[in-house]
Amino acid sequence: MNSDISIVALSLQIALVATAVTLPLGMFVAWLLVRKQFRGKFALDVFVSLPLALPPVVIGYALLWLVGTNGWVGQVSESLFGSTLAFTWIAAALAAAIVSLPLVVRSFSAALAGVDPRLEIAARGLGAGPVRTFLTITLPLAYRGVVAGVLLGFVRALSEFGATIVVAGNIPGRTQTVPSAIFTRISAGDTDAAWRLALVSIVLGVIALGIHNWLLKRSSVSSNSSNGVTR
Amino acid sequence: MLAFVFVGLIASCVGNFNDDVPLIFAAASLSDVLTESAKIYERETGKRVEFSFGGSITLANQIAKLGAPADGVLFAGDGPAQLITEAGLGDFYNAPQLISTDLVVIGGNDGPFISSLTDLANQGKRVAIGDPELAPAGRYAMRALELAGVSDAISDQLIFTVDVRAASAAVESGNAQYGIVYRTDAITSDTLKIVLEIDTNVVQISYFATGITGAKHSREAQTFLNYVVLEPETRRVFESAGFDLIPRNLGLGSPSG
């Protein structure tokens with residue numbers, strides 16, 4: 001029971017760090033994709049979305065070669081910290097960030113696309129810089145979609161298994177997340193313990209998706225009514 | 001503010017991923033006995049160890065080819081040990097080769113006994129074994145089937161699992177009718193019984209232990225591995241689980257580390 005709590009805690013820690021990566025990165029990519037025209041936009045879109053189309057083990061394998069003893073990231077971290085990131089919880093967080101990024105970018109893109117660009121143009125015309133415009137006009141208008149995207153990315157990070165077990169292993173107390181603990185328990189025939197963690201996953205998933213859907217419904221209601229006013 | 005949170009998290013992880021407790025990668029078949037031994041070790045010496053359990057070949061590859069942060073290993077069979085030796089990461093020659101077990105065929109408690117591996121092949125039922133690519137128990141099982149001359153006949157009935165524990169779990173859950181596992185896996189469950197003993201002259205299994213050369217806690221790991229096989233209380237844990245302990249070299253008090 002006690003180990004259940006520490007497994008859930010480590011999973012939450014990994015998913016939180018993954019979200020801390022995907023929130024700013026996803027926002028920037030979504031902003032580029034929605035508001036900017038540039039060469040390579042199509043390629044960026046495909047590259048960021050790729051984890052949706054790839055088996056997670058492939059992501060894990062690619063990441064392993066990047067952060068492991070043979071990869072350049074691995075060699076840099078080896079010289080800095082004396083060890084590679086492979087088989088650490090940071091590797092698990094990276095894997096979770098990569099697989100959740102496409103969902104986050106998609107949610108953020110939809111949220112940003114729902115903001116009337118004329119409002120941003122007006123703010124710029126009144127003298128606000130691009131960052132101030134984004135923080136005071138775009139973000140407040142898109143915040144429900146953004147929060148929904150963060151939630152979706154967070155639960156995807158919590159559920160990550162395939163890439164995680166390849167790049168971070170399945171070390172109890174160090175890199176064992178809820179899904180990898182469930183896998184171990186199923187393999188070992190420890191069915192009650194496997195069900196306990198499976199139930200935790202289901203409850204967390206239902207709560208997060210419930211809030212996500214509620215936020216999106218609210219945001220579509222409010223954007224419809226504001227459209228009504230402007231018309 | 002987000003940047004602060006982020007920097008804080010990164011700072012906390014640097015402290016976190018260089019853990020101060022020796023980490024031992026060990027065969028799945030030893031998970032119960034080693035976990036119990038670690039409790040005894042902590043109670044008696046005040047020192048902790050942590051484990052990563054799995055198929056020995058999977059774990060040996062993680063260490064030898066991918067740089068996984070193990071301080072010590074305890075693997076089934078000489079294949080995984082060889083991977084570590086060839087990578088220059090361990091010296092099994094000076095380490096104890098002390099723990100051994102043998103292979104049995106298991107079935108459900110209410111199922112029939114079988115007379116031979118040929119009989120097993122003729123039954124046409126599903127047989128769970130550890131994946132020979134990942135788990136030494138699976139390699140030994142395949143070797144036993146080959147020596148009995150039934151490896152082709154039985155190939156359609158075999159189910160491969162990630163490690164040997166998963167093979168006995170598959171029989172326990174009824175997803176396979178039989179399994180070829182270590183005797184010690186059969187003993188841990190009361191819903192399983194041994195339906196056939198495989199001759200120890202055919203297949204003999206030993207476990208190999210060593211500290212990992214160059215690892216931060218190599219010496220501590222080796223101290224624990226020696227403690228396990230030399231202390232009467234932990235030896236009893238292994239013996240009551242069905243393992244044979246054969247001290248090969250009693251000069252183990254001072255490992256070459």
# chains A, B, ... in the order shown; residues from 1 in each chain; ligands from 1
$ select_by_dssp --residues "region 43-191 of chain A" --states "alpha helix (DSSP H)" --output "PyMOL selection string"
chain A and resi 43-53+56-67+72-81+89-113+117-125+130-133+139-159+162-168+178-187+191
$ closest_atom_pairs --of "chain B" --to "chain A" --cutoff "7 Å" --atoms "only C-alpha atoms" --output "Markdown table"
| residue | atom | partner | partner_atom | distance |
| --- | --- | --- | --- | --- |
| B:Phe6 | CA | A:Ala20 | CA | 6.6 |
| B:Phe17 | CA | A:Thr88 | CA | 6.1 |
| B:Phe51 | CA | A:Ile171 | CA | 6.9 |
| B:Ser52 | CA | A:Ile171 | CA | 4.8 |
| B:Leu66 | CA | A:Gly68 | CA | 6.0 |
| B:Gly67 | CA | A:Thr69 | CA | 5.8 |
| B:Ala68 | CA | A:Phe87 | CA | 5.8 |
| B:Arg165 | CA | A:Ala188 | CA | 5.3 |
| B:Ala166 | CA | A:Ser187 | CA | 4.3 |
| B:Ala169 | CA | A:Gly189 | CA | 4.4 |
$ write_last_selection --atoms "all heavy atoms" --output "mmCIF file, in the first residue's frame"
data_model
loop_
_atom_site.group_PDB
_atom_site.id
_atom_site.type_symbol
_atom_site.label_atom_id
_atom_site.label_comp_id
_atom_site.auth_asym_id
_atom_site.auth_seq_id
_atom_site.Cartn_x
_atom_site.Cartn_y
_atom_site.Cartn_z
ATOM 1 N N PHE B 6 10.695 25.255 -12.765
ATOM 2 C CA PHE B 6 11.447 24.347 -13.618
ATOM 3 C C PHE B 6 12.876 24.146 -13.105
ATOM 4 O O PHE B 6 13.345 23.018 -12.954
ATOM 5 C CB PHE B 6 11.457 24.901 -15.038
ATOM 6 C CG PHE B 6 11.867 23.887 -16.053
ATOM 7 C CD1 PHE B 6 11.116 22.744 -16.230
ATOM 8 C CD2 PHE B 6 13.008 24.065 -16.810
ATOM 9 C CE1 PHE B 6 11.493 21.789 -17.149
ATOM 10 C CE2 PHE B 6 13.387 23.114 -17.736
ATOM 11 C CZ PHE B 6 12.623 21.979 -17.905
ATOM 12 N N PHE B 17 18.956 11.711 -8.950
ATOM 13 C CA PHE B 17 19.301 10.589 -9.814
ATOM 14 C C PHE B 17 20.682 10.000 -9.538
ATOM 15 O O PHE B 17 21.004 8.940 -10.046
ATOM 16 C CB PHE B 17 19.003 10.862 -11.295
ATOM 17 C CG PHE B 17 20.017 11.622 -12.096
ATOM 18 C CD1 PHE B 17 21.219 11.052 -12.459
ATOM 19 C CD2 PHE B 17 19.721 12.890 -12.533
ATOM 20 C CE1 PHE B 17 22.121 11.754 -13.232
ATOM 21 C CE2 PHE B 17 20.609 13.588 -13.304
ATOM 22 C CZ PHE B 17 21.812 13.019 -13.645
ATOM 23 N N PHE B 51 16.536 -2.761 -5.782
ATOM 24 C CA PHE B 51 16.627 -3.761 -6.842
ATOM 25 C C PHE B 51 15.915 -3.320 -8.109
ATOM 26 O O PHE B 51 14.972 -2.541 -8.075
ATOM 27 C CB PHE B 51 15.969 -5.076 -6.393
ATOM 28 C CG PHE B 51 16.598 -5.686 -5.179
ATOM 29 C CD1 PHE B 51 15.960 -5.614 -3.953
ATOM 30 C CD2 PHE B 51 17.826 -6.311 -5.256
ATOM 31 C CE1 PHE B 51 16.532 -6.166 -2.824
ATOM 32 C CE2 PHE B 51 18.408 -6.872 -4.139
ATOM 33 C CZ PHE B 51 17.758 -6.799 -2.919
ATOM 34 N N SER B 52 16.374 -3.868 -9.224
ATOM 35 C CA SER B 52 15.587 -3.858 -10.442
ATOM 36 C C SER B 52 15.506 -5.319 -10.878
ATOM 37 O O SER B 52 16.528 -5.929 -11.207
ATOM 38 C CB SER B 52 16.270 -3.016 -11.520
ATOM 39 O OG SER B 52 15.527 -3.053 -12.716
ATOM 40 N N LEU B 66 23.699 -0.329 -22.661
ATOM 41 C CA LEU B 66 22.960 0.929 -22.580
ATOM 42 C C LEU B 66 23.348 1.773 -21.373
ATOM 43 O O LEU B 66 22.789 2.837 -21.143
ATOM 44 C CB LEU B 66 21.452 0.648 -22.553
ATOM 45 C CG LEU B 66 20.919 -0.190 -23.723
ATOM 46 C CD1 LEU B 66 19.491 -0.626 -23.461
ATOM 47 C CD2 LEU B 66 21.012 0.580 -25.021
ATOM 48 N N GLY B 67 24.301 1.278 -20.575
ATOM 49 C CA GLY B 67 24.789 2.097 -19.467
ATOM 50 C C GLY B 67 23.825 2.249 -18.301
ATOM 51 O O GLY B 67 23.851 3.261 -17.606
ATOM 52 N N ALA B 68 22.962 1.253 -18.059
ATOM 53 C CA ALA B 68 22.057 1.349 -16.913
ATOM 54 C C ALA B 68 22.856 1.377 -15.607
ATOM 55 O O ALA B 68 23.889 0.721 -15.501
ATOM 56 C CB ALA B 68 21.077 0.179 -16.910
ATOM 57 N N ARG B 165 9.028 -15.445 -13.965
ATOM 58 C CA ARG B 165 7.896 -15.241 -13.065
ATOM 59 C C ARG B 165 6.591 -15.102 -13.851
ATOM 60 O O ARG B 165 5.530 -15.565 -13.427
ATOM 61 C CB ARG B 165 8.113 -13.979 -12.208
ATOM 62 C CG ARG B 165 8.950 -14.239 -10.982
ATOM 63 C CD ARG B 165 8.194 -15.154 -10.024
ATOM 64 N NE ARG B 165 9.074 -15.909 -9.172
ATOM 65 C CZ ARG B 165 9.481 -15.506 -7.985
ATOM 66 N NH1 ARG B 165 9.125 -14.341 -7.520
ATOM 67 N NH2 ARG B 165 10.264 -16.269 -7.272
ATOM 68 N N ALA B 166 6.687 -14.428 -14.984
ATOM 69 C CA ALA B 166 5.499 -14.235 -15.815
ATOM 70 C C ALA B 166 5.027 -15.558 -16.401
ATOM 71 O O ALA B 166 3.840 -15.747 -16.664
ATOM 72 C CB ALA B 166 5.790 -13.223 -16.916
ATOM 73 N N ALA B 169 3.094 -17.149 -13.667
ATOM 74 C CA ALA B 169 1.845 -16.387 -13.517
ATOM 75 C C ALA B 169 0.834 -16.778 -14.590
ATOM 76 O O ALA B 169 -0.369 -16.833 -14.341
ATOM 77 C CB ALA B 169 2.123 -14.890 -13.567
#
$ select_by_dssp --residues "region 10-224 of chain B" --states "strand (DSSP E)" --output "PyMOL selection string"
chain B and resi 23-27+50-54+72-76+99-101+103-108+127-130+158-161+178-182+192-197+205-211
$ write_last_selection --atoms "N, CA and C atoms" --output "short mmCIF file (atom, residue, chain, number, x, y, z; two decimals), in the first residue's frame"
data_model
loop_
_atom_site.label_atom_id
_atom_site.label_comp_id
_atom_site.auth_asym_id
_atom_site.auth_seq_id
_atom_site.Cartn_x
_atom_site.Cartn_y
_atom_site.Cartn_z
N LEU B 23 22.24 -0.13 -6.12
CA LEU B 23 21.15 -0.67 -6.92
C LEU B 23 21.61 -1.99 -7.54
N ILE B 24 20.86 -3.05 -7.26
CA ILE B 24 21.25 -4.37 -7.74
C ILE B 24 20.25 -4.87 -8.77
N PHE B 25 20.76 -5.23 -9.94
CA PHE B 25 19.92 -5.79 -10.99
C PHE B 25 19.94 -7.31 -10.82
N ALA B 26 18.75 -7.90 -10.68
CA ALA B 26 18.72 -9.32 -10.37
C ALA B 26 17.63 -10.06 -11.13
N ALA B 27 17.87 -11.36 -11.30
CA ALA B 27 16.93 -12.22 -12.01
C ALA B 27 15.56 -12.18 -11.34
N GLU B 50 18.64 -1.40 -3.16
CA GLU B 50 17.44 -1.39 -4.00
C GLU B 50 17.65 -2.34 -5.16
N PHE B 51 16.54 -2.76 -5.78
CA PHE B 51 16.63 -3.76 -6.84
C PHE B 51 15.92 -3.32 -8.11
N SER B 52 16.37 -3.87 -9.22
CA SER B 52 15.59 -3.86 -10.44
C SER B 52 15.51 -5.32 -10.88
N PHE B 53 14.32 -5.90 -10.83
CA PHE B 53 14.16 -7.30 -11.20
C PHE B 53 13.65 -7.43 -12.63
N GLY B 54 14.10 -8.47 -13.31
CA GLY B 54 13.62 -8.71 -14.67
C GLY B 54 14.29 -9.93 -15.24
N GLY B 72 25.50 -3.67 -8.72
CA GLY B 72 25.80 -5.10 -8.60
C GLY B 72 24.76 -5.90 -9.35
N VAL B 73 25.12 -7.16 -9.66
CA VAL B 73 24.17 -8.00 -10.39
C VAL B 73 24.13 -9.40 -9.78
N LEU B 74 23.01 -10.05 -9.95
CA LEU B 74 22.86 -11.45 -9.57
C LEU B 74 22.00 -12.08 -10.64
N PHE B 75 22.64 -12.77 -11.59
CA PHE B 75 21.96 -13.24 -12.79
C PHE B 75 21.87 -14.75 -12.86
N ALA B 76 20.86 -15.21 -13.56
CA ALA B 76 20.69 -16.64 -13.76
C ALA B 76 21.47 -17.07 -15.00
N ILE B 99 24.31 -20.03 -5.63
CA ILE B 99 22.88 -20.30 -5.60
C ILE B 99 22.53 -21.12 -6.83
N SER B 100 21.80 -22.20 -6.63
CA SER B 100 21.39 -22.92 -7.82
C SER B 100 20.02 -23.54 -7.63
N THR B 101 19.40 -23.85 -8.72
CA THR B 101 18.07 -24.44 -8.70
C THR B 101 17.96 -25.33 -9.94
N LEU B 103 15.10 -27.10 -13.15
CA LEU B 103 13.89 -26.86 -13.92
C LEU B 103 12.83 -27.92 -13.62
N VAL B 104 11.57 -27.47 -13.62
CA VAL B 104 10.45 -28.40 -13.47
C VAL B 104 9.36 -27.99 -14.44
N VAL B 105 8.45 -28.91 -14.70
CA VAL B 105 7.23 -28.56 -15.44
C VAL B 105 6.13 -28.38 -14.41
N ILE B 106 5.43 -27.24 -14.50
CA ILE B 106 4.34 -26.99 -13.55
C ILE B 106 3.00 -27.06 -14.26
N GLY B 107 1.97 -27.31 -13.47
CA GLY B 107 0.61 -27.30 -13.97
C GLY B 107 -0.30 -26.83 -12.86
N GLY B 108 -1.57 -26.67 -13.18
CA GLY B 108 -2.54 -26.27 -12.14
C GLY B 108 -2.66 -27.37 -11.09
N VAL B 127 2.00 -24.18 -23.29
CA VAL B 127 3.10 -24.28 -22.33
C VAL B 127 3.81 -22.92 -22.26
N ALA B 128 3.82 -22.31 -21.08
CA ALA B 128 4.47 -21.00 -20.91
C ALA B 128 5.94 -21.18 -20.51
N ILE B 129 6.82 -20.47 -21.20
CA ILE B 129 8.24 -20.43 -20.78
C ILE B 129 8.73 -18.98 -20.91
N GLY B 130 9.78 -18.65 -20.18
CA GLY B 130 10.38 -17.33 -20.36
C GLY B 130 10.89 -17.20 -21.79
N LEU B 158 4.10 -23.27 -27.46
CA LEU B 158 4.86 -22.46 -26.52
C LEU B 158 4.38 -21.02 -26.47
N ILE B 159 4.28 -20.48 -25.27
CA ILE B 159 3.99 -19.07 -25.06
C ILE B 159 5.21 -18.47 -24.39
N PHE B 160 5.76 -17.39 -24.99
CA PHE B 160 6.94 -16.73 -24.41
C PHE B 160 6.52 -15.58 -23.52
N THR B 161 7.09 -15.50 -22.32
CA THR B 161 6.79 -14.38 -21.42
C THR B 161 8.07 -13.59 -21.15
N TYR B 178 0.42 -25.50 -18.86
CA TYR B 178 1.70 -25.93 -18.27
C TYR B 178 2.73 -24.82 -18.39
N GLY B 179 3.78 -24.93 -17.61
CA GLY B 179 4.89 -24.00 -17.73
C GLY B 179 6.17 -24.73 -17.39
N ILE B 180 7.28 -24.28 -18.00
CA ILE B 180 8.59 -24.84 -17.62
C ILE B 180 9.34 -23.72 -16.91
N VAL B 181 9.52 -23.90 -15.60
CA VAL B 181 10.08 -22.84 -14.76
C VAL B 181 11.07 -23.44 -13.77
N TYR B 182 11.69 -22.57 -12.99
CA TYR B 182 12.56 -23.06 -11.92
C TYR B 182 11.71 -23.69 -10.82
N LEU B 192 -0.21 -23.91 -7.82
CA LEU B 192 0.56 -24.65 -8.83
C LEU B 192 1.12 -25.93 -8.21
N LYS B 193 1.36 -26.92 -9.05
CA LYS B 193 2.10 -28.08 -8.57
C LYS B 193 3.11 -28.52 -9.63
N ILE B 194 4.13 -29.22 -9.16
CA ILE B 194 5.14 -29.74 -10.08
C ILE B 194 4.60 -31.02 -10.69
N VAL B 195 4.46 -31.04 -12.03
CA VAL B 195 3.90 -32.23 -12.67
C VAL B 195 5.00 -33.11 -13.28
N LEU B 196 6.22 -32.54 -13.42
CA LEU B 196 7.34 -33.34 -13.93
C LEU B 196 8.65 -32.68 -13.50
N GLU B 197 9.59 -33.47 -13.00
CA GLU B 197 10.90 -32.94 -12.67
C GLU B 197 11.82 -33.19 -13.86
N ILE B 205 21.22 -25.14 -13.32
CA ILE B 205 21.18 -23.68 -13.35
C ILE B 205 21.88 -23.08 -12.15
N SER B 206 22.79 -22.15 -12.39
CA SER B 206 23.45 -21.44 -11.30
C SER B 206 23.26 -19.94 -11.48
N TYR B 207 23.36 -19.24 -10.38
CA TYR B 207 23.28 -17.78 -10.42
C TYR B 207 24.67 -17.20 -10.22
N PHE B 208 24.93 -16.11 -10.93
CA PHE B 208 26.25 -15.47 -10.86
C PHE B 208 26.13 -14.05 -10.34
N ALA B 209 26.99 -13.71 -9.38
CA ALA B 209 26.93 -12.38 -8.75
C ALA B 209 28.25 -11.65 -8.90
N THR B 210 28.18 -10.33 -9.02
CA THR B 210 29.38 -9.50 -8.97
C THR B 210 28.99 -8.05 -8.74
N GLY B 211 29.91 -7.29 -8.17
CA GLY B 211 29.76 -5.84 -8.18
C GLY B 211 30.14 -5.35 -9.57
#
$ atom_distance --atom1 "CA of Leu145 (chain B)" --atom2 "CA of Leu117 (chain B)"
6.9 Å
$ residues_around --residues "Ile84 (chain B)" --least-positions-apart "2" --cutoff "10 Å" --atoms "only C-alpha atoms" --output "mmCIF file with C-alpha atoms, in the first residue's frame"
data_model
loop_
_atom_site.group_PDB
_atom_site.id
_atom_site.type_symbol
_atom_site.label_atom_id
_atom_site.label_comp_id
_atom_site.auth_asym_id
_atom_site.auth_seq_id
_atom_site.Cartn_x
_atom_site.Cartn_y
_atom_site.Cartn_z
ATOM 1 C CA ALA B 60 22.496 -7.550 -18.578
ATOM 2 C CA ASN B 61 21.961 -5.816 -21.921
ATOM 3 C CA ILE B 63 23.933 -2.553 -18.193
ATOM 4 C CA ALA B 64 26.449 -3.715 -20.797
ATOM 5 C CA LYS B 65 25.076 -1.946 -23.875
ATOM 6 C CA VAL B 73 24.168 -8.001 -10.386
ATOM 7 C CA ASP B 78 26.316 -17.816 -17.576
ATOM 8 C CA GLY B 79 24.931 -16.028 -20.693
ATOM 9 C CA PRO B 80 24.071 -12.755 -18.943
ATOM 10 C CA ALA B 81 27.236 -12.982 -16.829
ATOM 11 C CA GLN B 82 29.239 -13.234 -20.031
ATOM 12 C CA GLU B 86 32.809 -9.004 -22.092
ATOM 13 C CA ALA B 87 31.915 -5.362 -21.440
ATOM 14 C CA GLY B 88 34.678 -5.325 -18.799
ATOM 15 C CA LEU B 89 32.162 -4.496 -16.079
ATOM 16 C CA GLY B 90 32.509 -7.388 -13.694
ATOM 17 C CA ASP B 91 34.666 -10.224 -12.510
ATOM 18 C CA PHE B 92 32.534 -13.263 -11.834
ATOM 19 C CA THR B 210 29.385 -9.503 -8.966
ATOM 20 C CA ILE B 212 29.874 -3.699 -11.317
ATOM 21 C CA THR B 213 33.356 -2.350 -12.050
#
$ residues_around --residues "region 106-117 of chain A" --least-positions-apart "2" --cutoff "7 Å" --atoms "only C-alpha atoms" --output "VMD selection string"
chain A and resid 27 30 to 31 34 102 to 104 119 to 121 138 141 to 142 145 to 146 149
$ atom_distance --atom1 "CA of Ala135 (chain B)" --atom2 "CA of Ser218 (chain B)"
24.1 Å
$ atom_distance --atom1 "CA of Leu50 (chain A)" --atom2 "CA of Ser77 (chain A)"
26.1 Å
